[in-house]
$ cat input-v1.pdb   # PDB, N, CA and C atoms, pLDDT in the B column
ATOM      1  N   MET A   1       8.365  34.048  17.144  1.00 57.00           N
ATOM      2  CA  MET A   1       8.352  32.605  17.181  1.00 57.00           C
ATOM      3  C   MET A   1       8.745  32.073  15.810  1.00 57.00           C
ATOM      4  N   ILE A   2       9.642  31.096  15.778  1.00 61.00           N
ATOM      5  CA  ILE A   2      10.100  30.504  14.531  1.00 61.00           C
ATOM      6  C   ILE A   2       9.433  29.145  14.372  1.00 61.00           C
ATOM      7  N   THR A   3       8.841  28.936  13.219  1.00 57.00           N
ATOM      8  CA  THR A   3       8.191  27.662  12.933  1.00 57.00           C
ATOM      9  C   THR A   3       9.070  26.867  11.984  1.00 57.00           C
ATOM     10  N   MET A   4       9.384  25.660  12.358  1.00 56.00           N
ATOM     11  CA  MET A   4      10.193  24.790  11.514  1.00 56.00           C
ATOM     12  C   MET A   4       9.262  23.990  10.617  1.00 56.00           C
ATOM     13  N   VAL A   5       9.544  23.974   9.341  1.00 53.00           N
ATOM     14  CA  VAL A   5       8.766  23.196   8.386  1.00 53.00           C
ATOM     15  C   VAL A   5       9.690  22.134   7.806  1.00 53.00           C
ATOM     16  N   SER A   6       9.319  20.902   7.979  1.00 54.00           N
ATOM     17  CA  SER A   6      10.149  19.829   7.439  1.00 54.00           C
ATOM     18  C   SER A   6       9.688  19.496   6.024  1.00 54.00           C
ATOM     19  N   ALA A   7      10.611  19.020   5.220  1.00 59.00           N
ATOM     20  CA  ALA A   7      10.269  18.611   3.862  1.00 59.00           C
ATOM     21  C   ALA A   7       9.432  17.342   3.949  1.00 59.00           C
ATOM     22  N   ARG A   8       8.354  17.332   3.213  1.00 62.00           N
ATOM     23  CA  ARG A   8       7.485  16.152   3.205  1.00 62.00           C
ATOM     24  C   ARG A   8       7.977  15.166   2.163  1.00 62.00           C
ATOM     25  N   ARG A   9       8.014  13.912   2.533  1.00 66.00           N
ATOM     26  CA  ARG A   9       8.398  12.873   1.590  1.00 66.00           C
ATOM     27  C   ARG A   9       7.157  12.410   0.856  1.00 66.00           C
ATOM     28  N   PRO A  10       7.194  12.398  -0.457  1.00 70.00           N
ATOM     29  CA  PRO A  10       6.026  11.938  -1.196  1.00 70.00           C
ATOM     30  C   PRO A  10       5.885  10.422  -1.080  1.00 70.00           C
ATOM     31  N   ALA A  11       4.684   9.946  -1.206  1.00 74.00           N
ATOM     32  CA  ALA A  11       4.444   8.509  -1.210  1.00 74.00           C
ATOM     33  C   ALA A  11       5.097   7.919  -2.458  1.00 74.00           C
ATOM     34  N   PRO A  12       5.632   6.722  -2.376  1.00 83.00           N
ATOM     35  CA  PRO A  12       6.302   6.129  -3.532  1.00 83.00           C
ATOM     36  C   PRO A  12       5.335   5.680  -4.636  1.00 83.00           C
ATOM     37  N   TYR A  13       4.045   5.652  -4.334  1.00 86.00           N
ATOM     38  CA  TYR A  13       3.032   5.263  -5.315  1.00 86.00           C
ATOM     39  C   TYR A  13       1.941   6.321  -5.322  1.00 86.00           C
ATOM     40  N   ALA A  14       1.308   6.464  -6.476  1.00 89.00           N
ATOM     41  CA  ALA A  14       0.207   7.420  -6.609  1.00 89.00           C
ATOM     42  C   ALA A  14      -1.035   6.678  -7.086  1.00 89.00           C
ATOM     43  N   VAL A  15      -2.189   7.256  -6.816  1.00 92.00           N
ATOM     44  CA  VAL A  15      -3.442   6.682  -7.306  1.00 92.00           C
ATOM     45  C   VAL A  15      -3.338   6.561  -8.818  1.00 92.00           C
ATOM     46  N   GLY A  16      -3.679   5.392  -9.323  1.00 95.00           N
ATOM     47  CA  GLY A  16      -3.613   5.130 -10.756  1.00 95.00           C
ATOM     48  C   GLY A  16      -2.404   4.330 -11.189  1.00 95.00           C
ATOM     49  N   ASP A  17      -1.360   4.256 -10.344  1.00 96.00           N
ATOM     50  CA  ASP A  17      -0.173   3.467 -10.702  1.00 96.00           C
ATOM     51  C   ASP A  17      -0.547   1.998 -10.832  1.00 96.00           C
ATOM     52  N   GLN A  18      -0.035   1.345 -11.864  1.00 97.00           N
ATOM     53  CA  GLN A  18      -0.204  -0.100 -12.043  1.00 97.00           C
ATOM     54  C   GLN A  18       0.909  -0.773 -11.240  1.00 97.00           C
ATOM     55  N   VAL A  19       0.533  -1.701 -10.354  1.00 97.00           N
ATOM     56  CA  VAL A  19       1.511  -2.370  -9.492  1.00 97.00           C
ATOM     57  C   VAL A  19       1.299  -3.875  -9.500  1.00 97.00           C
ATOM     58  N   THR A  20       2.326  -4.586  -9.084  1.00 98.00           N
ATOM     59  CA  THR A  20       2.239  -6.029  -8.920  1.00 98.00           C
ATOM     60  C   THR A  20       2.999  -6.404  -7.651  1.00 98.00           C
ATOM     61  N   GLY A  21       2.611  -7.499  -7.042  1.00 97.00           N
ATOM     62  CA  GLY A  21       3.275  -7.923  -5.813  1.00 97.00           C
ATOM     63  C   GLY A  21       2.417  -8.901  -5.033  1.00 97.00           C
ATOM     64  N   THR A  22       2.445  -8.751  -3.707  1.00 97.00           N
ATOM     65  CA  THR A  22       1.725  -9.653  -2.805  1.00 97.00           C
ATOM     66  C   THR A  22       0.817  -8.840  -1.898  1.00 97.00           C
ATOM     67  N   SER A  23      -0.410  -9.320  -1.714  1.00 97.00           N
ATOM     68  CA  SER A  23      -1.350  -8.629  -0.823  1.00 97.00           C
ATOM     69  C   SER A  23      -0.916  -8.794   0.627  1.00 97.00           C
ATOM     70  N   TYR A  24      -1.470  -7.921   1.483  1.00 94.00           N
ATOM     71  CA  TYR A  24      -1.181  -7.986   2.916  1.00 94.00           C
ATOM     72  C   TYR A  24      -2.428  -8.444   3.649  1.00 94.00           C
ATOM     73  N   VAL A  25      -2.251  -9.401   4.535  1.00 93.00           N
ATOM     74  CA  VAL A  25      -3.319  -9.859   5.413  1.00 93.00           C
ATOM     75  C   VAL A  25      -2.796  -9.733   6.830  1.00 93.00           C
ATOM     76  N   PRO A  26      -3.475  -8.965   7.695  1.00 88.00           N
ATOM     77  CA  PRO A  26      -3.010  -8.825   9.076  1.00 88.00           C
ATOM     78  C   PRO A  26      -2.916 -10.192   9.768  1.00 88.00           C
ATOM     79  N   PRO A  27      -1.949 -10.370  10.657  1.00 90.00           N
ATOM     80  CA  PRO A  27      -1.769 -11.662  11.328  1.00 90.00           C
ATOM     81  C   PRO A  27      -3.054 -12.206  11.954  1.00 90.00           C
ATOM     82  N   GLU A  28      -3.874 -11.338  12.521  1.00 93.00           N
ATOM     83  CA  GLU A  28      -5.094 -11.812  13.181  1.00 93.00           C
ATOM     84  C   GLU A  28      -6.139 -12.349  12.203  1.00 93.00           C
ATOM     85  N   ASP A  29      -5.980 -12.076  10.903  1.00 93.00           N
ATOM     86  CA  ASP A  29      -6.936 -12.547   9.896  1.00 93.00           C
ATOM     87  C   ASP A  29      -6.413 -13.736   9.088  1.00 93.00           C
ATOM     88  N   ARG A  30      -5.224 -14.217   9.398  1.00 90.00           N
ATOM     89  CA  ARG A  30      -4.605 -15.252   8.565  1.00 90.00           C
ATOM     90  C   ARG A  30      -5.195 -16.638   8.727  1.00 90.00           C
ATOM     91  N   ARG A  31      -6.106 -16.819   9.651  1.00 93.00           N
ATOM     92  CA  ARG A  31      -6.797 -18.112   9.757  1.00 93.00           C
ATOM     93  C   ARG A  31      -7.825 -18.273   8.639  1.00 93.00           C
ATOM     94  N   ARG A  32      -8.331 -17.140   8.128  1.00 93.00           N
ATOM     95  CA  ARG A  32      -9.368 -17.215   7.085  1.00 93.00           C
ATOM     96  C   ARG A  32      -8.936 -16.639   5.746  1.00 93.00           C
ATOM     97  N   ALA A  33      -7.749 -16.050   5.685  1.00 92.00           N
ATOM     98  CA  ALA A  33      -7.241 -15.496   4.430  1.00 92.00           C
ATOM     99  C   ALA A  33      -5.722 -15.565   4.425  1.00 92.00           C
ATOM    100  N   ALA A  34      -5.154 -15.640   3.245  1.00 94.00           N
ATOM    101  CA  ALA A  34      -3.691 -15.701   3.110  1.00 94.00           C
ATOM    102  C   ALA A  34      -3.234 -14.648   2.099  1.00 94.00           C
ATOM    103  N   PRO A  35      -2.018 -14.141   2.241  1.00 96.00           N
ATOM    104  CA  PRO A  35      -1.491 -13.235   1.225  1.00 96.00           C
ATOM    105  C   PRO A  35      -1.521 -13.921  -0.143  1.00 96.00           C
ATOM    106  N   GLU A  36      -1.742 -13.137  -1.196  1.00 97.00           N
ATOM    107  CA  GLU A  36      -1.844 -13.694  -2.534  1.00 97.00           C
ATOM    108  C   GLU A  36      -1.147 -12.780  -3.544  1.00 97.00           C
ATOM    109  N   PRO A  37      -0.707 -13.341  -4.665  1.00 98.00           N
ATOM    110  CA  PRO A  37      -0.126 -12.499  -5.717  1.00 98.00           C
ATOM    111  C   PRO A  37      -1.208 -11.568  -6.269  1.00 98.00           C
ATOM    112  N   ILE A  38      -0.858 -10.301  -6.487  1.00 98.00           N
ATOM    113  CA  ILE A  38      -1.821  -9.332  -7.015  1.00 98.00           C
ATOM    114  C   ILE A  38      -1.183  -8.478  -8.113  1.00 98.00           C
ATOM    115  N   THR A  39      -2.024  -8.017  -9.027  1.00 98.00           N
ATOM    116  CA  THR A  39      -1.657  -7.027 -10.036  1.00 98.00           C
ATOM    117  C   THR A  39      -2.884  -6.165 -10.229  1.00 98.00           C
ATOM    118  N   GLY A  40      -2.703  -4.855 -10.164  1.00 97.00           N
ATOM    119  CA  GLY A  40      -3.839  -3.955 -10.332  1.00 97.00           C
ATOM    120  C   GLY A  40      -3.402  -2.509 -10.216  1.00 97.00           C
ATOM    121  N   ARG A  41      -4.387  -1.626 -10.046  1.00 97.00           N
ATOM    122  CA  ARG A  41      -4.138  -0.185  -9.946  1.00 97.00           C
ATOM    123  C   ARG A  41      -4.306   0.293  -8.514  1.00 97.00           C
ATOM    124  N   VAL A  42      -3.418   1.190  -8.092  1.00 95.00           N
ATOM    125  CA  VAL A  42      -3.519   1.791  -6.766  1.00 95.00           C
ATOM    126  C   VAL A  42      -4.751   2.692  -6.752  1.00 95.00           C
ATOM    127  N   VAL A  43      -5.631   2.475  -5.768  1.00 95.00           N
ATOM    128  CA  VAL A  43      -6.831   3.300  -5.646  1.00 95.00           C
ATOM    129  C   VAL A  43      -6.825   4.143  -4.376  1.00 95.00           C
ATOM    130  N   GLN A  44      -5.940   3.827  -3.448  1.00 91.00           N
ATOM    131  CA  GLN A  44      -5.842   4.628  -2.227  1.00 91.00           C
ATOM    132  C   GLN A  44      -4.442   4.458  -1.648  1.00 91.00           C
ATOM    133  N   VAL A  45      -3.859   5.573  -1.239  1.00 87.00           N
ATOM    134  CA  VAL A  45      -2.550   5.556  -0.600  1.00 87.00           C
ATOM    135  C   VAL A  45      -2.773   5.780   0.884  1.00 87.00           C
ATOM    136  N   GLY A  46      -2.187   4.919   1.718  1.00 79.00           N
ATOM    137  CA  GLY A  46      -2.336   5.054   3.165  1.00 79.00           C
ATOM    138  C   GLY A  46      -1.936   6.445   3.643  1.00 79.00           C
ATOM    139  N   SER A  47      -2.571   6.914   4.695  1.00 61.00           N
ATOM    140  CA  SER A  47      -2.311   8.266   5.197  1.00 61.00           C
ATOM    141  C   SER A  47      -1.041   8.316   6.022  1.00 61.00           C
ATOM    142  N   GLY A  48      -0.543   9.532   6.241  1.00 53.00           N
ATOM    143  CA  GLY A  48       0.583   9.735   7.137  1.00 53.00           C
ATOM    144  C   GLY A  48       1.921   9.363   6.566  1.00 53.00           C
ATOM    145  N   TRP A  49       2.120   9.535   5.272  1.00 58.00           N
ATOM    146  CA  TRP A  49       3.373   9.109   4.664  1.00 58.00           C
ATOM    147  C   TRP A  49       4.576   9.811   5.253  1.00 58.00           C
ATOM    148  N   ASP A  50       4.458  11.066   5.593  1.00 60.00           N
ATOM    149  CA  ASP A  50       5.614  11.782   6.106  1.00 60.00           C
ATOM    150  C   ASP A  50       6.027  11.183   7.443  1.00 60.00           C
ATOM    151  N   GLY A  51       7.158  10.511   7.453  1.00 57.00           N
ATOM    152  CA  GLY A  51       7.657   9.927   8.686  1.00 57.00           C
ATOM    153  C   GLY A  51       7.172   8.524   8.969  1.00 57.00           C
ATOM    154  N   VAL A  52       6.369   7.942   8.075  1.00 59.00           N
ATOM    155  CA  VAL A  52       5.871   6.586   8.301  1.00 59.00           C
ATOM    156  C   VAL A  52       6.976   5.588   7.993  1.00 59.00           C
ATOM    157  N   ASP A  53       7.085   4.582   8.823  1.00 61.00           N
ATOM    158  CA  ASP A  53       8.018   3.494   8.593  1.00 61.00           C
ATOM    159  C   ASP A  53       7.538   2.721   7.365  1.00 61.00           C
ATOM    160  N   ALA A  54       8.355   2.631   6.334  1.00 58.00           N
ATOM    161  CA  ALA A  54       7.960   1.971   5.097  1.00 58.00           C
ATOM    162  C   ALA A  54       7.576   0.509   5.310  1.00 58.00           C
ATOM    163  N   ALA A  55       8.023  -0.089   6.385  1.00 64.00           N
ATOM    164  CA  ALA A  55       7.667  -1.478   6.658  1.00 64.00           C
ATOM    165  C   ALA A  55       6.189  -1.621   6.998  1.00 64.00           C
ATOM    166  N   ARG A  56       5.536  -0.499   7.371  1.00 74.00           N
ATOM    167  CA  ARG A  56       4.120  -0.550   7.749  1.00 74.00           C
ATOM    168  C   ARG A  56       3.238   0.286   6.843  1.00 74.00           C
ATOM    169  N   ALA A  57       3.810   1.020   5.895  1.00 84.00           N
ATOM    170  CA  ALA A  57       3.028   1.874   5.011  1.00 84.00           C
ATOM    171  C   ALA A  57       2.337   1.007   3.955  1.00 84.00           C
ATOM    172  N   PHE A  58       1.123   1.395   3.562  1.00 87.00           N
ATOM    173  CA  PHE A  58       0.357   0.552   2.660  1.00 87.00           C
ATOM    174  C   PHE A  58      -0.401   1.349   1.612  1.00 87.00           C
ATOM    175  N   VAL A  59      -0.906   0.603   0.622  1.00 91.00           N
ATOM    176  CA  VAL A  59      -1.802   1.132  -0.403  1.00 91.00           C
ATOM    177  C   VAL A  59      -2.933   0.125  -0.575  1.00 91.00           C
ATOM    178  N   TRP A  60      -4.004   0.581  -1.208  1.00 94.00           N
ATOM    179  CA  TRP A  60      -5.083  -0.317  -1.619  1.00 94.00           C
ATOM    180  C   TRP A  60      -4.983  -0.467  -3.123  1.00 94.00           C
ATOM    181  N   VAL A  61      -5.094  -1.712  -3.597  1.00 97.00           N
ATOM    182  CA  VAL A  61      -4.966  -2.024  -5.018  1.00 97.00           C
ATOM    183  C   VAL A  61      -6.276  -2.628  -5.517  1.00 97.00           C
ATOM    184  N   ARG A  62      -6.814  -2.070  -6.624  1.00 97.00           N
ATOM    185  CA  ARG A  62      -8.019  -2.643  -7.243  1.00 97.00           C
ATOM    186  C   ARG A  62      -7.588  -3.629  -8.318  1.00 97.00           C
ATOM    187  N   LEU A  63      -8.057  -4.856  -8.171  1.00 97.00           N
ATOM    188  CA  LEU A  63      -7.736  -5.922  -9.103  1.00 97.00           C
ATOM    189  C   LEU A  63      -8.632  -5.824 -10.337  1.00 97.00           C
ATOM    190  N   PRO A  64      -8.272  -6.483 -11.448  1.00 96.00           N
ATOM    191  CA  PRO A  64      -9.128  -6.461 -12.632  1.00 96.00           C
ATOM    192  C   PRO A  64     -10.558  -6.958 -12.356  1.00 96.00           C
ATOM    193  N   SER A  65     -10.728  -7.812 -11.351  1.00 97.00           N
ATOM    194  CA  SER A  65     -12.061  -8.326 -10.987  1.00 97.00           C
ATOM    195  C   SER A  65     -12.929  -7.273 -10.309  1.00 97.00           C
ATOM    196  N   GLY A  66     -12.314  -6.136  -9.922  1.00 97.00           N
ATOM    197  CA  GLY A  66     -13.034  -5.094  -9.191  1.00 97.00           C
ATOM    198  C   GLY A  66     -12.848  -5.187  -7.685  1.00 97.00           C
ATOM    199  N   GLN A  67     -12.337  -6.308  -7.202  1.00 96.00           N
ATOM    200  CA  GLN A  67     -12.061  -6.450  -5.770  1.00 96.00           C
ATOM    201  C   GLN A  67     -10.829  -5.631  -5.418  1.00 96.00           C
ATOM    202  N   GLU A  68     -10.700  -5.276  -4.153  1.00 96.00           N
ATOM    203  CA  GLU A  68      -9.546  -4.514  -3.697  1.00 96.00           C
ATOM    204  C   GLU A  68      -8.788  -5.298  -2.635  1.00 96.00           C
ATOM    205  N   ARG A  69      -7.470  -5.099  -2.641  1.00 95.00           N
ATOM    206  CA  ARG A  69      -6.603  -5.734  -1.658  1.00 95.00           C
ATOM    207  C   ARG A  69      -5.666  -4.689  -1.077  1.00 95.00           C
ATOM    208  N   GLN A  70      -5.320  -4.867   0.171  1.00 93.00           N
ATOM    209  CA  GLN A  70      -4.339  -4.007   0.822  1.00 93.00           C
ATOM    210  C   GLN A  70      -2.965  -4.619   0.555  1.00 93.00           C
ATOM    211  N   ALA A  71      -1.960  -3.753   0.351  1.00 94.00           N
ATOM    212  CA  ALA A  71      -0.599  -4.229   0.144  1.00 94.00           C
ATOM    213  C   ALA A  71       0.378  -3.286   0.824  1.00 94.00           C
ATOM    214  N   LEU A  72       1.397  -3.848   1.440  1.00 91.00           N
ATOM    215  CA  LEU A  72       2.471  -3.039   2.005  1.00 91.00           C
ATOM    216  C   LEU A  72       3.337  -2.534   0.855  1.00 91.00           C
ATOM    217  N   ILE A  73       3.818  -1.293   0.945  1.00 88.00           N
ATOM    218  CA  ILE A  73       4.611  -0.762  -0.159  1.00 88.00           C
ATOM    219  C   ILE A  73       5.883  -1.563  -0.385  1.00 88.00           C
ATOM    220  N   ARG A  74       6.394  -2.193   0.645  1.00 88.00           N
ATOM    221  CA  ARG A  74       7.620  -2.991   0.477  1.00 88.00           C
ATOM    222  C   ARG A  74       7.358  -4.263  -0.313  1.00 88.00           C
ATOM    223  N   ASP A  75       6.077  -4.661  -0.469  1.00 93.00           N
ATOM    224  CA  ASP A  75       5.722  -5.916  -1.143  1.00 93.00           C
ATOM    225  C   ASP A  75       5.199  -5.732  -2.565  1.00 93.00           C
ATOM    226  N   ILE A  76       5.263  -4.508  -3.092  1.00 94.00           N
ATOM    227  CA  ILE A  76       4.780  -4.263  -4.455  1.00 94.00           C
ATOM    228  C   ILE A  76       5.808  -3.463  -5.250  1.00 94.00           C
ATOM    229  N   THR A  77       5.676  -3.521  -6.558  1.00 95.00           N
ATOM    230  CA  THR A  77       6.502  -2.713  -7.457  1.00 95.00           C
ATOM    231  C   THR A  77       5.626  -2.180  -8.581  1.00 95.00           C
ATOM    232  N   LYS A  78       6.039  -1.044  -9.153  1.00 95.00           N
ATOM    233  CA  LYS A  78       5.317  -0.489 -10.298  1.00 95.00           C
ATOM    234  C   LYS A  78       5.546  -1.355 -11.511  1.00 95.00           C
ATOM    235  N   VAL A  79       4.494  -1.497 -12.311  1.00 94.00           N
ATOM    236  CA  VAL A  79       4.597  -2.215 -13.572  1.00 94.00           C
ATOM    237  C   VAL A  79       4.942  -1.163 -14.625  1.00 94.00           C
ATOM    238  N   THR A  80       5.996  -1.411 -15.376  1.00 78.00           N
ATOM    239  CA  THR A  80       6.412  -0.469 -16.403  1.00 78.00           C
ATOM    240  C   THR A  80       5.479  -0.596 -17.600  1.00 78.00           C
ATOM    241  N   PRO A  81       4.913   0.551 -18.055  1.00 66.00           N
ATOM    242  CA  PRO A  81       3.978   0.478 -19.190  1.00 66.00           C
ATOM    243  C   PRO A  81       4.643   0.037 -20.473  1.00 66.00           C
TER
END
$ encode --input "input-v1.pdb" --output "structure tokens"
Amino acid sequence: MITMVSARRPAPYAVGDQVTGTSYVPPEDRRRAAPEPITGRVVQVGSGWDGVDAARAFVWVRLPSGQERQALIRDITKVTP
């Protein structure tokens, strides 16, 4: 039996990366919250990166206040040190 192993694509962000962009709020929650500008450190990378549509892939970002926000990878960029 031959097992095919596909190359895994790494996530475009890693825990600890400093990022800036816009937070993500699911459509069903937009009556009580709105997307907002964010800058902070990535604290969690969404699971299943291999084969995930980048339009739906996300990370969690910890803001300087200590609060965390979810962000789609398409809506953030790394801050150059």
$ atom_distance --input "input-v1.pdb" --atom1 "atom CA of A:Val15" --atom2 "atom CA of A:Asp29"
26.0 Å
$ atom_distance --input "input-v1.pdb" --atom1 "atom CA of A:Glu68" --atom2 "atom CA of A:Ala33"
13.9 Å
$ resolve_selection --input "input-v1.pdb" --expression "the PyMOL selection byres ((chain A and resi 64) around 7)" --output "list of chain:residue names"
A:Thr39, A:Gly40, A:Arg41, A:Arg62, A:Leu63, A:Ser65, A:Gly66, A:Gln67
$ write_last_selection --input "input-v1.pdb" --atoms "N, CA and C atoms" --output "PDB file, in the coordinates of the input"
ATOM      1  N   THR A  39      -2.024  -8.017  -9.027  1.00 98.00           N
ATOM      2  CA  THR A  39      -1.657  -7.027 -10.036  1.00 98.00           C
ATOM      3  C   THR A  39      -2.884  -6.165 -10.229  1.00 98.00           C
ATOM      4  N   GLY A  40      -2.703  -4.855 -10.164  1.00 97.00           N
ATOM      5  CA  GLY A  40      -3.839  -3.955 -10.332  1.00 97.00           C
ATOM      6  C   GLY A  40      -3.402  -2.509 -10.216  1.00 97.00           C
ATOM      7  N   ARG A  41      -4.387  -1.626 -10.046  1.00 97.00           N
ATOM      8  CA  ARG A  41      -4.138  -0.185  -9.946  1.00 97.00           C
ATOM      9  C   ARG A  41      -4.306   0.293  -8.514  1.00 97.00           C
ATOM     10  N   ARG A  62      -6.814  -2.070  -6.624  1.00 97.00           N
ATOM     11  CA  ARG A  62      -8.019  -2.643  -7.243  1.00 97.00           C
ATOM     12  C   ARG A  62      -7.588  -3.629  -8.318  1.00 97.00           C
ATOM     13  N   LEU A  63      -8.057  -4.856  -8.171  1.00 97.00           N
ATOM     14  CA  LEU A  63      -7.736  -5.922  -9.103  1.00 97.00           C
ATOM     15  C   LEU A  63      -8.632  -5.824 -10.337  1.00 97.00           C
ATOM     16  N   SER A  65     -10.728  -7.812 -11.351  1.00 97.00           N
ATOM     17  CA  SER A  65     -12.061  -8.326 -10.987  1.00 97.00           C
ATOM     18  C   SER A  65     -12.929  -7.273 -10.309  1.00 97.00           C
ATOM     19  N   GLY A  66     -12.314  -6.136  -9.922  1.00 97.00           N
ATOM     20  CA  GLY A  66     -13.034  -5.094  -9.191  1.00 97.00           C
ATOM     21  C   GLY A  66     -12.848  -5.187  -7.685  1.00 97.00           C
ATOM     22  N   GLN A  67     -12.337  -6.308  -7.202  1.00 96.00           N
ATOM     23  CA  GLN A  67     -12.061  -6.450  -5.770  1.00 96.00           C
ATOM     24  C   GLN A  67     -10.829  -5.631  -5.418  1.00 96.00           C
TER      25      GLN A  67
END
$ resolve_selection --input "input-v1.pdb" --expression "the PyMOL selection byres ((chain A and resi 36) around 8)" --output "PyMOL selection string"
chain A and resi 21-25+33-35+37-39
$ axis_aligned_box --input "input-v1.pdb" --around "stretch 7-23 of chain A" --padding-each-side "5 Å" --output "lines of an AutoDock Vina configuration file"
center_x = 3.5
center_y = 4.7
center_z = -3.4
size_x = 24.3
size_y = 38.7
size_z = 27.3
$ closest_residue --input "input-v1.pdb" --among "A:Gln44, A:Thr20, A:Trp60, A:Pro27" --to "A:Val79" --atoms "all atoms listed in the file"
A:Thr20
$ closest_residue --input "input-v1.pdb" --among "A:Val61, A:Asp75, A:Thr80, A:Gln70" --to "A:Pro26" --atoms "only C-alpha atoms"
A:Gln70
$ closest_residue --input "input-v1.pdb" --among "A:Asp17, A:Arg30, A:Ala11, A:Thr77" --to "A:Val42" --atoms "all atoms listed in the file"
A:Asp17
$ atom_distance --input "input-v1.pdb" --atom1 "atom C of A:Tyr13" --atom2 "atom CA of A:Phe58"
10.0 Å
$ closest_residue --input "input-v1.pdb" --among "A:Ala71, A:Val43, A:Ile76, A:Ala57" --to "A:Val19" --atoms "only C-alpha atoms"
A:Ile76
$ build_atoms --input "input-v1.pdb" --residues "stretch 27-41 of chain A" --atoms "N, CA, C and O atoms" --output "compact mmCIF listing (two decimals), in the frame of the given file"
# COMPACT_ATOMS: atom_id res chain seq x y z
N PRO A 27 -1.95 -10.37 10.66
CA PRO A 27 -1.77 -11.66 11.33
C PRO A 27 -3.05 -12.21 11.95
O PRO A 27 -3.31 -13.41 11.89
N GLU A 28 -3.87 -11.34 12.52
CA GLU A 28 -5.09 -11.81 13.18
C GLU A 28 -6.14 -12.35 12.20
O GLU A 28 -7.08 -13.03 12.60
N ASP A 29 -5.98 -12.08 10.90
CA ASP A 29 -6.94 -12.55 9.90
C ASP A 29 -6.41 -13.74 9.09
O ASP A 29 -7.10 -14.23 8.19
N ARG A 30 -5.22 -14.22 9.40
CA ARG A 30 -4.61 -15.25 8.56
C ARG A 30 -5.20 -16.64 8.73
O ARG A 30 -4.86 -17.54 7.97
N ARG A 31 -6.11 -16.82 9.65
CA ARG A 31 -6.80 -18.11 9.76
C ARG A 31 -7.82 -18.27 8.64
O ARG A 31 -8.15 -19.38 8.24
N ARG A 32 -8.33 -17.14 8.13
CA ARG A 32 -9.37 -17.22 7.08
C ARG A 32 -8.94 -16.64 5.75
O ARG A 32 -9.65 -16.76 4.76
N ALA A 33 -7.75 -16.05 5.68
CA ALA A 33 -7.24 -15.50 4.43
C ALA A 33 -5.72 -15.56 4.42
O ALA A 33 -5.09 -15.54 5.48
N ALA A 34 -5.15 -15.64 3.24
CA ALA A 34 -3.69 -15.70 3.11
C ALA A 34 -3.23 -14.65 2.10
O ALA A 34 -3.99 -14.29 1.19
N PRO A 35 -2.02 -14.14 2.24
CA PRO A 35 -1.49 -13.24 1.23
C PRO A 35 -1.52 -13.92 -0.14
O PRO A 35 -1.37 -15.14 -0.24
N GLU A 36 -1.74 -13.14 -1.20
CA GLU A 36 -1.84 -13.69 -2.53
C GLU A 36 -1.15 -12.78 -3.54
O GLU A 36 -1.03 -11.58 -3.30
N PRO A 37 -0.71 -13.34 -4.66
CA PRO A 37 -0.13 -12.50 -5.72
C PRO A 37 -1.21 -11.57 -6.27
O PRO A 37 -2.36 -12.00 -6.46
N ILE A 38 -0.86 -10.30 -6.49
CA ILE A 38 -1.82 -9.33 -7.02
C ILE A 38 -1.18 -8.48 -8.11
O ILE A 38 0.02 -8.27 -8.12
N THR A 39 -2.02 -8.02 -9.03
CA THR A 39 -1.66 -7.03 -10.04
C THR A 39 -2.88 -6.16 -10.23
O THR A 39 -3.99 -6.68 -10.40
N GLY A 40 -2.70 -4.86 -10.16
CA GLY A 40 -3.84 -3.96 -10.33
C GLY A 40 -3.40 -2.51 -10.22
O GLY A 40 -2.22 -2.19 -10.26
N ARG A 41 -4.39 -1.63 -10.05
CA ARG A 41 -4.14 -0.18 -9.95
C ARG A 41 -4.31 0.29 -8.51
O ARG A 41 -5.23 -0.12 -7.82
